[in-house]
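For reference, model-v7.pdb is printed below; it contains PDB, C-alpha atoms.
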ATOM      1  CA  MET A   1     -25.229 -22.806   4.050  1.00  0.00           C
ATOM      2  CA  THR A   2     -22.392 -20.442   3.218  1.00  0.00           C
ATOM      3  CA  ASP A   3     -20.025 -21.567   5.962  1.00  0.00           C
ATOM      4  CA  ALA A   4     -19.068 -24.830   4.286  1.00  0.00           C
ATOM      5  CA  LEU A   5     -16.165 -25.672   6.567  1.00  0.00           C
ATOM      6  CA  ALA A   6     -15.309 -25.010  10.186  1.00  0.00           C
ATOM      7  CA  HIS A   7     -12.473 -22.549  10.677  1.00  0.00           C
ATOM      8  CA  ASP A   8     -10.237 -21.418  13.513  1.00  0.00           C
ATOM      9  CA  ALA A   9      -9.802 -17.830  12.308  1.00  0.00           C
ATOM     10  CA  LEU A  10     -11.432 -15.452   9.850  1.00  0.00           C
ATOM     11  CA  VAL A  11     -10.006 -12.661   7.713  1.00  0.00           C
ATOM     12  CA  ASP A  12     -12.568 -10.398   6.080  1.00  0.00           C
ATOM     13  CA  ALA A  13     -10.695  -8.633   3.288  1.00  0.00           C
ATOM     14  CA  SER A  14     -13.831  -7.390   1.528  1.00  0.00           C
ATOM     15  CA  GLY A  15     -13.208  -4.177  -0.376  1.00  0.00           C
ATOM     16  CA  LEU A  16      -9.424  -4.595  -0.331  1.00  0.00           C
ATOM     17  CA  ASN A  17      -7.425  -4.938  -3.526  1.00  0.00           C
ATOM     18  CA  CYS A  18      -4.418  -7.105  -4.283  1.00  0.00           C
ATOM     19  CA  PRO A  19      -2.117  -7.739  -2.483  1.00  0.00           C
ATOM     20  CA  LEU A  20      -3.909  -6.800   0.749  1.00  0.00           C
ATOM     21  CA  PRO A  21      -6.232  -9.848   1.042  1.00  0.00           C
ATOM     22  CA  LEU A  22      -3.251 -12.181   0.705  1.00  0.00           C
ATOM     23  CA  LEU A  23      -1.128 -10.079   3.048  1.00  0.00           C
ATOM     24  CA  LYS A  24      -3.804 -10.113   5.752  1.00  0.00           C
ATOM     25  CA  ALA A  25      -4.244 -13.863   5.295  1.00  0.00           C
ATOM     26  CA  LYS A  26      -0.492 -14.474   5.620  1.00  0.00           C
ATOM     27  CA  LEU A  27      -0.332 -12.468   8.843  1.00  0.00           C
ATOM     28  CA  GLU A  28      -3.252 -14.410  10.311  1.00  0.00           C
ATOM     29  CA  LEU A  29      -1.805 -17.767   9.208  1.00  0.00           C
ATOM     30  CA  ASN A  30       1.396 -16.873  11.077  1.00  0.00           C
ATOM     31  CA  ARG A  31      -0.656 -16.724  14.284  1.00  0.00           C
ATOM     32  CA  LEU A  32      -2.313 -20.107  13.746  1.00  0.00           C
ATOM     33  CA  ALA A  33      -0.973 -23.489  14.774  1.00  0.00           C
ATOM     34  CA  GLN A  34      -0.130 -26.143  12.212  1.00  0.00           C
ATOM     35  CA  GLY A  35      -3.280 -27.848  10.930  1.00  0.00           C
ATOM     36  CA  GLN A  36      -5.628 -25.008  11.865  1.00  0.00           C
ATOM     37  CA  THR A  37      -7.928 -23.549   9.227  1.00  0.00           C
ATOM     38  CA  LEU A  38      -8.236 -19.944   8.107  1.00  0.00           C
ATOM     39  CA  LYS A  39     -11.292 -18.665   6.266  1.00  0.00           C
ATOM     40  CA  VAL A  40     -10.765 -15.642   4.035  1.00  0.00           C
ATOM     41  CA  ILE A  41     -13.475 -13.481   2.501  1.00  0.00           C
ATOM     42  CA  ALA A  42     -12.412 -11.258  -0.403  1.00  0.00           C
ATOM     43  CA  THR A  43     -14.004  -9.234  -3.169  1.00  0.00           C
ATOM     44  CA  ASP A  44     -10.931  -8.878  -5.387  1.00  0.00           C
ATOM     45  CA  ALA A  45     -11.252 -11.169  -8.424  1.00  0.00           C
ATOM     46  CA  GLY A  46      -7.464 -11.449  -8.576  1.00  0.00           C
ATOM     47  CA  SER A  47      -7.521 -13.144  -5.192  1.00  0.00           C
ATOM     48  CA  GLN A  48      -8.411 -16.468  -6.846  1.00  0.00           C
ATOM     49  CA  ARG A  49      -5.083 -16.646  -8.639  1.00  0.00           C
ATOM     50  CA  ASP A  50      -3.260 -15.229  -5.617  1.00  0.00           C
ATOM     51  CA  PHE A  51      -4.594 -17.759  -3.122  1.00  0.00           C
ATOM     52  CA  ARG A  52      -4.116 -20.765  -5.415  1.00  0.00           C
ATOM     53  CA  THR A  53      -0.508 -19.768  -6.087  1.00  0.00           C
ATOM     54  CA  PHE A  54       0.206 -18.867  -2.466  1.00  0.00           C
ATOM     55  CA  ALA A  55      -1.157 -22.188  -1.168  1.00  0.00           C
ATOM     56  CA  ARG A  56       0.920 -24.140  -3.671  1.00  0.00           C
ATOM     57  CA  LEU A  57       4.148 -22.210  -3.037  1.00  0.00           C
ATOM     58  CA  ALA A  58       3.806 -21.990   0.745  1.00  0.00           C
ATOM     59  CA  GLY A  59       2.665 -25.598   1.152  1.00  0.00           C
ATOM     60  CA  HIS A  60      -0.672 -24.738   2.758  1.00  0.00           C
ATOM     61  CA  GLU A  61      -3.731 -26.721   1.711  1.00  0.00           C
ATOM     62  CA  LEU A  62      -6.485 -24.816  -0.090  1.00  0.00           C
ATOM     63  CA  LEU A  63      -9.364 -26.879   1.258  1.00  0.00           C
ATOM     64  CA  ARG A  64     -12.122 -25.103  -0.591  1.00  0.00           C
ATOM     65  CA  GLU A  65     -12.916 -21.970  -2.544  1.00  0.00           C
ATOM     66  CA  GLU A  66     -16.291 -20.471  -3.340  1.00  0.00           C
ATOM     67  CA  GLU A  67     -17.430 -17.557  -5.465  1.00  0.00           C
ATOM     68  CA  ASP A  68     -20.838 -15.980  -5.039  1.00  0.00           C
ATOM     69  CA  ALA A  69     -21.847 -12.715  -6.716  1.00  0.00           C
ATOM     70  CA  GLY A  70     -18.367 -11.203  -6.576  1.00  0.00           C
ATOM     71  CA  THR A  71     -17.528 -12.471  -3.093  1.00  0.00           C
ATOM     72  CA  TYR A  72     -14.769 -15.046  -2.841  1.00  0.00           C
ATOM     73  CA  ARG A  73     -14.284 -17.365   0.107  1.00  0.00           C
ATOM     74  CA  TYR A  74     -11.232 -19.514   0.786  1.00  0.00           C
ATOM     75  CA  TRP A  75     -10.413 -22.066   3.446  1.00  0.00           C
ATOM     76  CA  LEU A  76      -6.700 -22.652   3.984  1.00  0.00           C
ATOM     77  CA  ARG A  77      -5.215 -25.273   6.279  1.00  0.00           C
ATOM     78  CA  LYS A  78      -1.890 -24.194   7.676  1.00  0.00           C
ATOM     79  CA  ALA A  79       1.030 -26.445   6.770  1.00  0.00           C
TER      80      ALA A  79
END

Do you think you could lay out the structure here as structure tokens?
Amino acid sequence: MTDALAHDALVDASGLNCPLPLLKAKLELNRLAQGQTLKVIATDAGSQRDFRTFARLAGHELLREEEDAGTYRYWLRKA
């Protein structure tokens, strides 16, 4: 089962390079209510570092991250 966690919104940033996956995720998080979960799909390997750092600095909770054959999935809970 690839959809490990329920989510309130989805950003598919496949094929986009840094910083676009993070930018799209930030815009979507702005639309969500506190406590809601955003799932992000990315193919940029640099997104791992980006999302870990962003979650820590912005105070959001990185609930889970997965990597499968060059596809990265992140679940962020909005602070």

Atom pair atom CA of Leu23 of chain A / atom CA of Leu62 of chain A: separation (Å): 16.0 Å

Contacts of Ser14 of chain A within 10 Å, all atoms listed in the file, excl. fewer than 5 positions in-chain, as a VMD selection string: chain A and resid 20 to 21 40 to 44 71 to 72

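For the residues A:Ala25, A:Gln36, A:Arg77, A:Ala45, ranking by smallest atom-to-atom distance to Ala13 of chain A using all atoms listed in the file places A:Ala25 first.
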
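Between Lys26 of chain A and the candidates A:His60, A:Gln48, A:Arg73, A:Glu65, the tightest atom-to-atom separation, counting all atoms listed in the file, involves A:His60.
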
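Atom CA of Arg52 of chain A is positioned 18.2 Å from atom CA of His7 of chain A.
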
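Between Arg56 of chain A and the candidates A:Leu5, A:Leu10, A:Leu16, A:Leu76, the tightest atom-to-atom separation, counting only C-alpha atoms, involves A:Leu76.
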
Pick from A:Ala69, A:Ala79, A:Val11, A:Gly59 nearest to Leu27 of chain A, counting all atoms listed in the file: A:Val11

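Note that the spacing between atom CA of Glu61 of chain A and atom CA of Arg31 of chain A amounts to 16.4 Å.
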
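Using all atoms listed in the file, the smallest distance between any of A:Thr53, A:Leu29, A:Gly70, A:Arg64 and Gly15 of chain A comes from A:Gly70.
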
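Around Pro19 of chain A, within 10 Å and counting all atoms listed in the file, the residues found are Lys24, Asp44, Gly46, Ser47 and Asp50 of chain A, once anything fewer than 5 positions away on its own chain is removed.
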
Among the residues A:Asp12, A:Arg49, A:Leu57, A:Leu63, the one that comes closest to Glu28 of chain A [using all atoms listed in the file]: A:Asp12
